[in-house]
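Structure file model_37.pdb (PDB, N, CA and C atoms) follows.
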```
ATOM      1  N   MET A   1       0.829  -1.190   0.000  1.00  0.00           N
ATOM      2  CA  MET A   1       0.000   0.000   0.000  1.00  0.00           C
ATOM      3  C   MET A   1       0.874   1.255   0.000  1.00  0.00           C
ATOM      4  N   LEU A   2       1.893   1.290   0.827  1.00  0.00           N
ATOM      5  CA  LEU A   2       2.766   2.453   0.913  1.00  0.00           C
ATOM      6  C   LEU A   2       3.546   2.641  -0.380  1.00  0.00           C
ATOM      7  N   ILE A   3       3.973   1.536  -0.985  1.00  0.00           N
ATOM      8  CA  ILE A   3       4.725   1.616  -2.243  1.00  0.00           C
ATOM      9  C   ILE A   3       3.834   2.153  -3.357  1.00  0.00           C
ATOM     10  N   GLN A   4       2.579   1.754  -3.365  1.00  0.00           N
ATOM     11  CA  GLN A   4       1.639   2.265  -4.372  1.00  0.00           C
ATOM     12  C   GLN A   4       1.427   3.767  -4.202  1.00  0.00           C
ATOM     13  N   ASN A   5       1.363   4.225  -2.955  1.00  0.00           N
ATOM     14  CA  ASN A   5       1.208   5.667  -2.707  1.00  0.00           C
ATOM     15  C   ASN A   5       2.409   6.440  -3.226  1.00  0.00           C
ATOM     16  N   PHE A   6       3.619   5.901  -3.006  1.00  0.00           N
ATOM     17  CA  PHE A   6       4.825   6.554  -3.510  1.00  0.00           C
ATOM     18  C   PHE A   6       4.824   6.582  -5.036  1.00  0.00           C
ATOM     19  N   GLN A   7       4.409   5.494  -5.660  1.00  0.00           N
ATOM     20  CA  GLN A   7       4.369   5.441  -7.122  1.00  0.00           C
ATOM     21  C   GLN A   7       3.384   6.473  -7.664  1.00  0.00           C
ATOM     22  N   GLU A   8       2.219   6.569  -7.059  1.00  0.00           N
ATOM     23  CA  GLU A   8       1.228   7.558  -7.491  1.00  0.00           C
ATOM     24  C   GLU A   8       1.750   8.977  -7.291  1.00  0.00           C
ATOM     25  N   TYR A   9       2.422   9.218  -6.159  1.00  0.00           N
ATOM     26  CA  TYR A   9       2.961  10.543  -5.871  1.00  0.00           C
ATOM     27  C   TYR A   9       3.988  10.948  -6.924  1.00  0.00           C
ATOM     28  N   PHE A  10       4.910  10.028  -7.253  1.00  0.00           N
ATOM     29  CA  PHE A  10       5.943  10.362  -8.217  1.00  0.00           C
ATOM     30  C   PHE A  10       5.376  10.511  -9.626  1.00  0.00           C
ATOM     31  N   LYS A  11       4.350   9.737  -9.964  1.00  0.00           N
ATOM     32  CA  LYS A  11       3.703   9.905 -11.266  1.00  0.00           C
ATOM     33  C   LYS A  11       3.081  11.293 -11.363  1.00  0.00           C
ATOM     34  N   LYS A  12       2.388  11.714 -10.304  1.00  0.00           N
ATOM     35  CA  LYS A  12       1.775  13.038 -10.299  1.00  0.00           C
ATOM     36  C   LYS A  12       2.826  14.139 -10.307  1.00  0.00           C
ATOM     37  N   LEU A  13       3.905  13.940  -9.550  1.00  0.00           N
ATOM     38  CA  LEU A  13       4.947  14.960  -9.448  1.00  0.00           C
ATOM     39  C   LEU A  13       5.598  15.212 -10.798  1.00  0.00           C
ATOM     40  N   PHE A  14       5.916  14.155 -11.514  1.00  0.00           N
ATOM     41  CA  PHE A  14       6.622  14.316 -12.780  1.00  0.00           C
ATOM     42  C   PHE A  14       5.682  14.577 -13.956  1.00  0.00           C
ATOM     43  N   SER A  15       4.386  14.441 -13.756  1.00  0.00           N
ATOM     44  CA  SER A  15       3.449  14.767 -14.827  1.00  0.00           C
ATOM     45  C   SER A  15       2.977  16.219 -14.725  1.00  0.00           C
ATOM     46  N   GLY A  16       3.318  16.902 -13.639  1.00  0.00           N
ATOM     47  CA  GLY A  16       2.931  18.297 -13.470  1.00  0.00           C
ATOM     48  C   GLY A  16       1.560  18.482 -12.862  1.00  0.00           C
ATOM     49  N   GLN A  17       0.993  17.447 -12.257  1.00  0.00           N
ATOM     50  CA  GLN A  17      -0.348  17.539 -11.693  1.00  0.00           C
ATOM     51  C   GLN A  17      -0.356  17.880 -10.209  1.00  0.00           C
ATOM     52  N   GLN A  18       0.771  18.174  -9.630  1.00  0.00           N
ATOM     53  CA  GLN A  18       0.836  18.514  -8.217  1.00  0.00           C
ATOM     54  C   GLN A  18       0.561  20.005  -8.019  1.00  0.00           C
ATOM     55  N   SER A  19       0.167  20.337  -6.815  1.00  0.00           N
ATOM     56  CA  SER A  19      -0.067  21.742  -6.494  1.00  0.00           C
ATOM     57  C   SER A  19       1.276  22.463  -6.378  1.00  0.00           C
ATOM     58  N   LYS A  20       1.193  23.769  -6.364  1.00  0.00           N
ATOM     59  CA  LYS A  20       2.406  24.578  -6.278  1.00  0.00           C
ATOM     60  C   LYS A  20       3.144  24.322  -4.959  1.00  0.00           C
ATOM     61  N   LYS A  21       2.396  24.091  -3.885  1.00  0.00           N
ATOM     62  CA  LYS A  21       2.990  23.829  -2.576  1.00  0.00           C
ATOM     63  C   LYS A  21       3.824  22.544  -2.608  1.00  0.00           C
ATOM     64  N   ILE A  22       3.291  21.485  -3.208  1.00  0.00           N
ATOM     65  CA  ILE A  22       4.012  20.220  -3.283  1.00  0.00           C
ATOM     66  C   ILE A  22       5.248  20.361  -4.162  1.00  0.00           C
ATOM     67  N   LYS A  23       5.142  21.116  -5.240  1.00  0.00           N
ATOM     68  CA  LYS A  23       6.299  21.338  -6.109  1.00  0.00           C
ATOM     69  C   LYS A  23       7.407  22.079  -5.371  1.00  0.00           C
ATOM     70  N   ILE A  24       7.032  23.066  -4.583  1.00  0.00           N
ATOM     71  CA  ILE A  24       8.028  23.829  -3.818  1.00  0.00           C
ATOM     72  C   ILE A  24       8.692  22.939  -2.780  1.00  0.00           C
ATOM     73  N   LEU A  25       7.895  22.152  -2.054  1.00  0.00           N
ATOM     74  CA  LEU A  25       8.472  21.272  -1.036  1.00  0.00           C
ATOM     75  C   LEU A  25       9.375  20.206  -1.654  1.00  0.00           C
ATOM     76  N   SER A  26       8.991  19.669  -2.787  1.00  0.00           N
ATOM     77  CA  SER A  26       9.832  18.677  -3.463  1.00  0.00           C
ATOM     78  C   SER A  26      11.136  19.304  -3.944  1.00  0.00           C
ATOM     79  N   THR A  27      11.054  20.522  -4.459  1.00  0.00           N
ATOM     80  CA  THR A  27      12.254  21.222  -4.909  1.00  0.00           C
ATOM     81  C   THR A  27      13.183  21.507  -3.735  1.00  0.00           C
ATOM     82  N   LEU A  28      12.621  21.905  -2.608  1.00  0.00           N
ATOM     83  CA  LEU A  28      13.449  22.145  -1.420  1.00  0.00           C
ATOM     84  C   LEU A  28      14.131  20.862  -0.943  1.00  0.00           C
ATOM     85  N   SER A  29      13.430  19.751  -0.993  1.00  0.00           N
ATOM     86  CA  SER A  29      14.019  18.485  -0.573  1.00  0.00           C
ATOM     87  C   SER A  29      15.173  18.071  -1.478  1.00  0.00           C
ATOM     88  N   ILE A  30      14.967  18.201  -2.779  1.00  0.00           N
ATOM     89  CA  ILE A  30      16.039  17.854  -3.717  1.00  0.00           C
ATOM     90  C   ILE A  30      17.209  18.814  -3.556  1.00  0.00           C
ATOM     91  N   GLY A  31      16.916  20.095  -3.367  1.00  0.00           N
ATOM     92  CA  GLY A  31      17.977  21.074  -3.123  1.00  0.00           C
ATOM     93  C   GLY A  31      18.760  20.767  -1.857  1.00  0.00           C
ATOM     94  N   TRP A  32      18.058  20.330  -0.802  1.00  0.00           N
ATOM     95  CA  TRP A  32      18.719  19.960   0.448  1.00  0.00           C
ATOM     96  C   TRP A  32      19.679  18.790   0.233  1.00  0.00           C
ATOM     97  N   ILE A  33      19.228  17.779  -0.503  1.00  0.00           N
ATOM     98  CA  ILE A  33      20.066  16.611  -0.770  1.00  0.00           C
ATOM     99  C   ILE A  33      21.323  17.025  -1.535  1.00  0.00           C
ATOM    100  N   ILE A  34      21.175  17.892  -2.526  1.00  0.00           N
ATOM    101  CA  ILE A  34      22.318  18.348  -3.313  1.00  0.00           C
ATOM    102  C   ILE A  34      23.258  19.202  -2.468  1.00  0.00           C
ATOM    103  N   LEU A  35      22.708  20.110  -1.660  1.00  0.00           N
ATOM    104  CA  LEU A  35      23.533  20.961  -0.801  1.00  0.00           C
ATOM    105  C   LEU A  35      24.348  20.138   0.195  1.00  0.00           C
ATOM    106  N   ILE A  36      23.714  19.191   0.845  1.00  0.00           N
ATOM    107  CA  ILE A  36      24.429  18.364   1.815  1.00  0.00           C
ATOM    108  C   ILE A  36      25.471  17.508   1.102  1.00  0.00           C
ATOM    109  N   GLY A  37      25.167  17.017  -0.081  1.00  0.00           N
ATOM    110  CA  GLY A  37      26.148  16.264  -0.855  1.00  0.00           C
ATOM    111  C   GLY A  37      27.366  17.107  -1.166  1.00  0.00           C
ATOM    112  N   TYR A  38      27.149  18.356  -1.554  1.00  0.00           N
ATOM    113  CA  TYR A  38      28.269  19.259  -1.825  1.00  0.00           C
ATOM    114  C   TYR A  38      29.088  19.518  -0.562  1.00  0.00           C
ATOM    115  N   LEU A  39      28.410  19.783   0.557  1.00  0.00           N
ATOM    116  CA  LEU A  39      29.135  20.055   1.801  1.00  0.00           C
ATOM    117  C   LEU A  39      29.921  18.843   2.279  1.00  0.00           C
ATOM    118  N   VAL A  40      29.383  17.646   2.121  1.00  0.00           N
ATOM    119  CA  VAL A  40      30.101  16.429   2.500  1.00  0.00           C
ATOM    120  C   VAL A  40      31.311  16.246   1.600  1.00  0.00           C
ATOM    121  N   TRP A  41      31.144  16.499   0.316  1.00  0.00           N
ATOM    122  CA  TRP A  41      32.261  16.391  -0.620  1.00  0.00           C
ATOM    123  C   TRP A  41      33.355  17.403  -0.274  1.00  0.00           C
ATOM    124  N   TRP A  42      32.968  18.655  -0.018  1.00  0.00           N
ATOM    125  CA  TRP A  42      33.932  19.707   0.302  1.00  0.00           C
ATOM    126  C   TRP A  42      34.645  19.402   1.626  1.00  0.00           C
ATOM    127  N   ASN A  43      33.907  18.916   2.604  1.00  0.00           N
ATOM    128  CA  ASN A  43      34.492  18.560   3.883  1.00  0.00           C
ATOM    129  C   ASN A  43      35.496  17.420   3.720  1.00  0.00           C
ATOM    130  N   GLY A  44      35.195  16.471   2.841  1.00  0.00           N
ATOM    131  CA  GLY A  44      36.131  15.383   2.575  1.00  0.00           C
ATOM    132  C   GLY A  44      37.403  15.868   1.926  1.00  0.00           C
ATOM    133  N   LEU A  45      37.294  16.850   1.032  1.00  0.00           N
ATOM    134  CA  LEU A  45      38.493  17.396   0.386  1.00  0.00           C
ATOM    135  C   LEU A  45      39.366  18.157   1.375  1.00  0.00           C
ATOM    136  N   LYS A  46      38.769  18.869   2.285  1.00  0.00           N
ATOM    137  CA  LYS A  46      39.509  19.685   3.252  1.00  0.00           C
ATOM    138  C   LYS A  46      39.956  18.907   4.485  1.00  0.00           C
ATOM    139  N   SER A  47      39.634  17.642   4.543  1.00  0.00           N
ATOM    140  CA  SER A  47      39.980  16.816   5.697  1.00  0.00           C
ATOM    141  C   SER A  47      41.492  16.635   5.794  1.00  0.00           C
ATOM    142  N   LEU A  48      41.983  16.554   7.016  1.00  0.00           N
ATOM    143  CA  LEU A  48      43.412  16.349   7.232  1.00  0.00           C
ATOM    144  C   LEU A  48      43.822  14.887   7.057  1.00  0.00           C
ATOM    145  N   SER A  49      42.872  13.996   7.028  1.00  0.00           N
ATOM    146  CA  SER A  49      43.194  12.579   6.880  1.00  0.00           C
ATOM    147  C   SER A  49      43.622  12.275   5.442  1.00  0.00           C
ATOM    148  N   LEU A  50      44.179  11.102   5.249  1.00  0.00           N
ATOM    149  CA  LEU A  50      44.641  10.705   3.925  1.00  0.00           C
ATOM    150  C   LEU A  50      43.482  10.311   3.015  1.00  0.00           C
ATOM    151  N   ASP A  51      42.371   9.887   3.602  1.00  0.00           N
ATOM    152  CA  ASP A  51      41.208   9.487   2.825  1.00  0.00           C
ATOM    153  C   ASP A  51      40.434  10.728   2.384  1.00  0.00           C
ATOM    154  N   LYS A  52      40.460  11.016   1.100  1.00  0.00           N
ATOM    155  CA  LYS A  52      39.757  12.189   0.557  1.00  0.00           C
ATOM    156  C   LYS A  52      38.473  11.792  -0.159  1.00  0.00           C
ATOM    157  N   GLY A  53      37.988  10.598   0.118  1.00  0.00           N
ATOM    158  CA  GLY A  53      36.795  10.104  -0.569  1.00  0.00           C
ATOM    159  C   GLY A  53      35.519  10.720  -0.039  1.00  0.00           C
ATOM    160  N   PHE A  54      34.462  10.489  -0.797  1.00  0.00           N
ATOM    161  CA  PHE A  54      33.133  10.972  -0.434  1.00  0.00           C
ATOM    162  C   PHE A  54      32.588  10.109   0.688  1.00  0.00           C
ATOM    163  N   ARG A  55      32.057  10.726   1.717  1.00  0.00           N
ATOM    164  CA  ARG A  55      31.527   9.991   2.869  1.00  0.00           C
ATOM    165  C   ARG A  55      30.038   9.748   2.664  1.00  0.00           C
ATOM    166  N   TRP A  56      29.734   8.593   2.104  1.00  0.00           N
ATOM    167  CA  TRP A  56      28.366   8.258   1.752  1.00  0.00           C
ATOM    168  C   TRP A  56      27.469   8.147   2.977  1.00  0.00           C
ATOM    169  N   ASP A  57      28.015   7.674   4.086  1.00  0.00           N
ATOM    170  CA  ASP A  57      27.184   7.535   5.284  1.00  0.00           C
ATOM    171  C   ASP A  57      26.741   8.890   5.801  1.00  0.00           C
ATOM    172  N   GLU A  58      27.605   9.900   5.780  1.00  0.00           N
ATOM    173  CA  GLU A  58      27.214  11.244   6.215  1.00  0.00           C
ATOM    174  C   GLU A  58      26.158  11.826   5.284  1.00  0.00           C
ATOM    175  N   TRP A  59      26.341  11.617   3.986  1.00  0.00           N
ATOM    176  CA  TRP A  59      25.383  12.143   3.021  1.00  0.00           C
ATOM    177  C   TRP A  59      24.022  11.491   3.205  1.00  0.00           C
ATOM    178  N   PHE A  60      24.019  10.199   3.476  1.00  0.00           N
ATOM    179  CA  PHE A  60      22.749   9.503   3.673  1.00  0.00           C
ATOM    180  C   PHE A  60      22.040  10.010   4.920  1.00  0.00           C
ATOM    181  N   TRP A  61      22.745  10.070   6.052  1.00  0.00           N
ATOM    182  CA  TRP A  61      22.100  10.424   7.317  1.00  0.00           C
ATOM    183  C   TRP A  61      21.769  11.904   7.441  1.00  0.00           C
ATOM    184  N   PHE A  62      22.580  12.780   6.839  1.00  0.00           N
ATOM    185  CA  PHE A  62      22.320  14.212   6.963  1.00  0.00           C
ATOM    186  C   PHE A  62      21.651  14.823   5.734  1.00  0.00           C
ATOM    187  N   GLY A  63      21.622  14.102   4.619  1.00  0.00           N
ATOM    188  CA  GLY A  63      21.003  14.616   3.410  1.00  0.00           C
ATOM    189  C   GLY A  63      19.731  13.897   3.030  1.00  0.00           C
ATOM    190  N   ILE A  64      19.816  12.590   2.855  1.00  0.00           N
ATOM    191  CA  ILE A  64      18.675  11.815   2.358  1.00  0.00           C
ATOM    192  C   ILE A  64      17.590  11.663   3.425  1.00  0.00           C
ATOM    193  N   VAL A  65      17.970  11.227   4.611  1.00  0.00           N
ATOM    194  CA  VAL A  65      16.971  10.950   5.656  1.00  0.00           C
ATOM    195  C   VAL A  65      16.166  12.198   6.029  1.00  0.00           C
ATOM    196  N   PRO A  66      16.787  13.353   6.290  1.00  0.00           N
ATOM    197  CA  PRO A  66      15.955  14.526   6.615  1.00  0.00           C
ATOM    198  C   PRO A  66      15.089  15.009   5.456  1.00  0.00           C
ATOM    199  N   ALA A  67      15.523  14.770   4.224  1.00  0.00           N
ATOM    200  CA  ALA A  67      14.746  15.238   3.075  1.00  0.00           C
ATOM    201  C   ALA A  67      13.571  14.318   2.757  1.00  0.00           C
ATOM    202  N   VAL A  68      13.687  13.034   3.060  1.00  0.00           N
ATOM    203  CA  VAL A  68      12.651  12.074   2.692  1.00  0.00           C
ATOM    204  C   VAL A  68      11.677  11.800   3.847  1.00  0.00           C
ATOM    205  N   SER A  69      12.125  11.934   5.076  1.00  0.00           N
ATOM    206  CA  SER A  69      11.277  11.575   6.215  1.00  0.00           C
ATOM    207  C   SER A  69       9.964  12.362   6.302  1.00  0.00           C
ATOM    208  N   PRO A  70       9.897  13.649   5.963  1.00  0.00           N
ATOM    209  CA  PRO A  70       8.580  14.312   6.009  1.00  0.00           C
ATOM    210  C   PRO A  70       7.556  13.680   5.070  1.00  0.00           C
ATOM    211  N   TYR A  71       8.001  13.195   3.922  1.00  0.00           N
ATOM    212  CA  TYR A  71       7.082  12.555   2.979  1.00  0.00           C
ATOM    213  C   TYR A  71       6.607  11.211   3.510  1.00  0.00           C
ATOM    214  N   ILE A  72       7.493  10.502   4.169  1.00  0.00           N
ATOM    215  CA  ILE A  72       7.102   9.222   4.764  1.00  0.00           C
ATOM    216  C   ILE A  72       6.055   9.455   5.849  1.00  0.00           C
ATOM    217  N   PHE A  73       6.278  10.449   6.715  1.00  0.00           N
ATOM    218  CA  PHE A  73       5.287  10.775   7.739  1.00  0.00           C
ATOM    219  C   PHE A  73       3.975  11.241   7.114  1.00  0.00           C
ATOM    220  N   TYR A  74       4.053  11.977   6.028  1.00  0.00           N
ATOM    221  CA  TYR A  74       2.839  12.433   5.353  1.00  0.00           C
ATOM    222  C   TYR A  74       2.015  11.247   4.859  1.00  0.00           C
ATOM    223  N   PHE A  75       2.678  10.281   4.223  1.00  0.00           N
ATOM    224  CA  PHE A  75       1.948   9.124   3.713  1.00  0.00           C
ATOM    225  C   PHE A  75       1.407   8.256   4.837  1.00  0.00           C
ATOM    226  N   ILE A  76       2.071   8.221   5.968  1.00  0.00           N
ATOM    227  CA  ILE A  76       1.581   7.438   7.096  1.00  0.00           C
ATOM    228  C   ILE A  76       0.360   8.105   7.724  1.00  0.00           C
ATOM    229  N   TRP A  77       0.394   9.425   7.876  1.00  0.00           N
ATOM    230  CA  TRP A  77      -0.645  10.122   8.633  1.00  0.00           C
ATOM    231  C   TRP A  77      -1.740  10.745   7.785  1.00  0.00           C
ATOM    232  N   LYS A  78      -1.648  10.702   6.463  1.00  0.00           N
ATOM    233  CA  LYS A  78      -2.690  11.355   5.665  1.00  0.00           C
ATOM    234  C   LYS A  78      -4.007  10.591   5.780  1.00  0.00           C
ATOM    235  N   ASN A  79      -5.093  11.317   5.638  1.00  0.00           N
ATOM    236  CA  ASN A  79      -6.424  10.731   5.715  1.00  0.00           C
ATOM    237  C   ASN A  79      -6.699   9.876   4.497  1.00  0.00           C
ATOM    238  N   LYS A  80      -7.328   8.743   4.724  1.00  0.00           N
ATOM    239  CA  LYS A  80      -7.703   7.882   3.611  1.00  0.00           C
ATOM    240  C   LYS A  80      -9.027   8.382   3.055  1.00  0.00           C
ATOM    241  N   THR A  81      -9.095   8.564   1.752  1.00  0.00           N
ATOM    242  CA  THR A  81     -10.313   9.055   1.134  1.00  0.00           C
ATOM    243  C   THR A  81     -11.114   7.944   0.489  1.00  0.00           C
ATOM    244  N   SER A  82     -10.522   6.774   0.317  1.00  0.00           N
ATOM    245  CA  SER A  82     -11.254   5.661  -0.293  1.00  0.00           C
ATOM    246  C   SER A  82     -12.016   4.876   0.782  1.00  0.00           C
ATOM    247  N   ASP A  83     -13.085   4.230   0.372  1.00  0.00           N
ATOM    248  CA  ASP A  83     -13.878   3.409   1.299  1.00  0.00           C
ATOM    249  C   ASP A  83     -13.206   2.065   1.496  1.00  0.00           C
ATOM    250  N   GLU A  84     -12.984   1.701   2.739  1.00  0.00           N
ATOM    251  CA  GLU A  84     -12.358   0.423   3.052  1.00  0.00           C
ATOM    252  C   GLU A  84     -13.185  -0.325   4.047  1.00  0.00           C
TER     253      GLU A  84
END
```

Is it possible to express this structure as C-alpha cells?
Amino acid sequence: MLIQNFQEYFKKLFSGQQSKKIKILSTLSIGWIILIGYLVWWNGLKSLSLDKGFRWDEWFWFGIVPAVSPYIFYFIWKNKTSDE
C-alpha cells in the first residue's frame, strides 16, 4: 500500500499535476540533498586525513533521511479518502 502511494505521488509529481505547494516542497528536498552532498564532498576534500573520498554515510544520514522523512510521515498520517 505504501509503495503504491509513492508510485502515485511520483507519477503526479513528474506529470505536473501537483499543487504549487508540493512542487516547492519537493524542490526544497532535492535542493537539500544536493547541498548536503556538496558540503560532504567539500568537507572530505579539506579533511586532514589521507582518505579524501566521499563519505556516503554522512550524506545519507544528513542529506537523504531529513529530506525524505517528512514525505514518509505524510503518507503514514494522511487521511484515507477511499472506502475500506

Enumerate the residues of chain A with a DSSP assignment of helix (DSSP H, G or I), computed from the backbone, and present them as number ranges by chain. A: 2-15, 20-45, 56-77

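Proximity of A:Ile33, A:Leu48, A:Leu13, A:Ile76 to A:Gly63, computed with only N, CA and C atoms, is greatest for A:Ile33.
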
Spell out the residues picked by the PyMOL selection byres ((chain A and resi 64-72) around 8) here, as a PyMOL selection string. chain A and resi 28-30+32-34+36-37+58-63+73-78

To test your reading of the syntax: which residues would the PyMOL selection byres ((chain A and resi 55) around 8) return for the file shown? Reply as a ChimeraX atom specification. /A:40-41,43-44,52-54,56-60

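One distance worth recording is that between atom N of A:Tyr38 and atom N of A:Ile24, which is 20.9 Å.
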
What is the distance between atom CA of A:Ile22 and atom CA of A:Leu39, in Å to one decimal?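 Interatomic distance, atom CA of A:Ile22 to atom CA of A:Leu39: 25.6 Å.
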
In Å, with one decimal, what is the gap from atom N of A:Gln17 to atom CA of A:Asn79?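 For atom N of A:Gln17 relative to atom CA of A:Asn79, the distance reads 20.6 Å.
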
Report the centre and edge lengths, in Å to one decimal, of an axis-aligned box enclosing every atom of stretch 18-24 of chain A listed in the file, padded by 3 Å on each side, as AutoDock Vina command-line options.
```
--center_x 4.3 --center_y 21.4 --center_z -6.1 --size_x 14.8 --size_y 12.4 --size_z 13.1
```

Extract stretch 16-77 of chain A from the coordinates I pasted, and write it as a PDB file, in the first residue's frame (atoms kept: C-alpha atoms).
```pdb
ATOM      1  CA  GLY A  16       2.931  18.297 -13.470  1.00  0.00           C
ATOM      2  CA  GLN A  17      -0.348  17.539 -11.693  1.00  0.00           C
ATOM      3  CA  GLN A  18       0.836  18.514  -8.217  1.00  0.00           C
ATOM      4  CA  SER A  19      -0.067  21.742  -6.494  1.00  0.00           C
ATOM      5  CA  LYS A  20       2.406  24.578  -6.278  1.00  0.00           C
ATOM      6  CA  LYS A  21       2.990  23.829  -2.576  1.00  0.00           C
ATOM      7  CA  ILE A  22       4.012  20.220  -3.283  1.00  0.00           C
ATOM      8  CA  LYS A  23       6.299  21.338  -6.109  1.00  0.00           C
ATOM      9  CA  ILE A  24       8.028  23.829  -3.818  1.00  0.00           C
ATOM     10  CA  LEU A  25       8.472  21.272  -1.036  1.00  0.00           C
ATOM     11  CA  SER A  26       9.832  18.677  -3.463  1.00  0.00           C
ATOM     12  CA  THR A  27      12.254  21.222  -4.909  1.00  0.00           C
ATOM     13  CA  LEU A  28      13.449  22.145  -1.420  1.00  0.00           C
ATOM     14  CA  SER A  29      14.019  18.485  -0.573  1.00  0.00           C
ATOM     15  CA  ILE A  30      16.039  17.854  -3.717  1.00  0.00           C
ATOM     16  CA  GLY A  31      17.977  21.074  -3.123  1.00  0.00           C
ATOM     17  CA  TRP A  32      18.719  19.960   0.448  1.00  0.00           C
ATOM     18  CA  ILE A  33      20.066  16.611  -0.770  1.00  0.00           C
ATOM     19  CA  ILE A  34      22.318  18.348  -3.313  1.00  0.00           C
ATOM     20  CA  LEU A  35      23.533  20.961  -0.801  1.00  0.00           C
ATOM     21  CA  ILE A  36      24.429  18.364   1.815  1.00  0.00           C
ATOM     22  CA  GLY A  37      26.148  16.264  -0.855  1.00  0.00           C
ATOM     23  CA  TYR A  38      28.269  19.259  -1.825  1.00  0.00           C
ATOM     24  CA  LEU A  39      29.135  20.055   1.801  1.00  0.00           C
ATOM     25  CA  VAL A  40      30.101  16.429   2.500  1.00  0.00           C
ATOM     26  CA  TRP A  41      32.261  16.391  -0.620  1.00  0.00           C
ATOM     27  CA  TRP A  42      33.932  19.707   0.302  1.00  0.00           C
ATOM     28  CA  ASN A  43      34.492  18.560   3.883  1.00  0.00           C
ATOM     29  CA  GLY A  44      36.131  15.383   2.575  1.00  0.00           C
ATOM     30  CA  LEU A  45      38.493  17.396   0.386  1.00  0.00           C
ATOM     31  CA  LYS A  46      39.509  19.685   3.252  1.00  0.00           C
ATOM     32  CA  SER A  47      39.980  16.816   5.697  1.00  0.00           C
ATOM     33  CA  LEU A  48      43.412  16.349   7.232  1.00  0.00           C
ATOM     34  CA  SER A  49      43.194  12.579   6.880  1.00  0.00           C
ATOM     35  CA  LEU A  50      44.641  10.705   3.925  1.00  0.00           C
ATOM     36  CA  ASP A  51      41.208   9.487   2.825  1.00  0.00           C
ATOM     37  CA  LYS A  52      39.757  12.189   0.557  1.00  0.00           C
ATOM     38  CA  GLY A  53      36.795  10.104  -0.569  1.00  0.00           C
ATOM     39  CA  PHE A  54      33.133  10.972  -0.434  1.00  0.00           C
ATOM     40  CA  ARG A  55      31.527   9.991   2.869  1.00  0.00           C
ATOM     41  CA  TRP A  56      28.366   8.258   1.752  1.00  0.00           C
ATOM     42  CA  ASP A  57      27.184   7.535   5.284  1.00  0.00           C
ATOM     43  CA  GLU A  58      27.214  11.244   6.215  1.00  0.00           C
ATOM     44  CA  TRP A  59      25.383  12.143   3.021  1.00  0.00           C
ATOM     45  CA  PHE A  60      22.749   9.503   3.673  1.00  0.00           C
ATOM     46  CA  TRP A  61      22.100  10.424   7.317  1.00  0.00           C
ATOM     47  CA  PHE A  62      22.320  14.212   6.963  1.00  0.00           C
ATOM     48  CA  GLY A  63      21.003  14.616   3.410  1.00  0.00           C
ATOM     49  CA  ILE A  64      18.675  11.815   2.358  1.00  0.00           C
ATOM     50  CA  VAL A  65      16.971  10.950   5.656  1.00  0.00           C
ATOM     51  CA  PRO A  66      15.955  14.526   6.615  1.00  0.00           C
ATOM     52  CA  ALA A  67      14.746  15.238   3.075  1.00  0.00           C
ATOM     53  CA  VAL A  68      12.651  12.074   2.692  1.00  0.00           C
ATOM     54  CA  SER A  69      11.277  11.575   6.215  1.00  0.00           C
ATOM     55  CA  PRO A  70       8.580  14.312   6.009  1.00  0.00           C
ATOM     56  CA  TYR A  71       7.082  12.555   2.979  1.00  0.00           C
ATOM     57  CA  ILE A  72       7.102   9.222   4.764  1.00  0.00           C
ATOM     58  CA  PHE A  73       5.287  10.775   7.739  1.00  0.00           C
ATOM     59  CA  TYR A  74       2.839  12.433   5.353  1.00  0.00           C
ATOM     60  CA  PHE A  75       1.948   9.124   3.713  1.00  0.00           C
ATOM     61  CA  ILE A  76       1.581   7.438   7.096  1.00  0.00           C
ATOM     62  CA  TRP A  77      -0.645  10.122   8.633  1.00  0.00           C
TER      63      TRP A  77
END
```
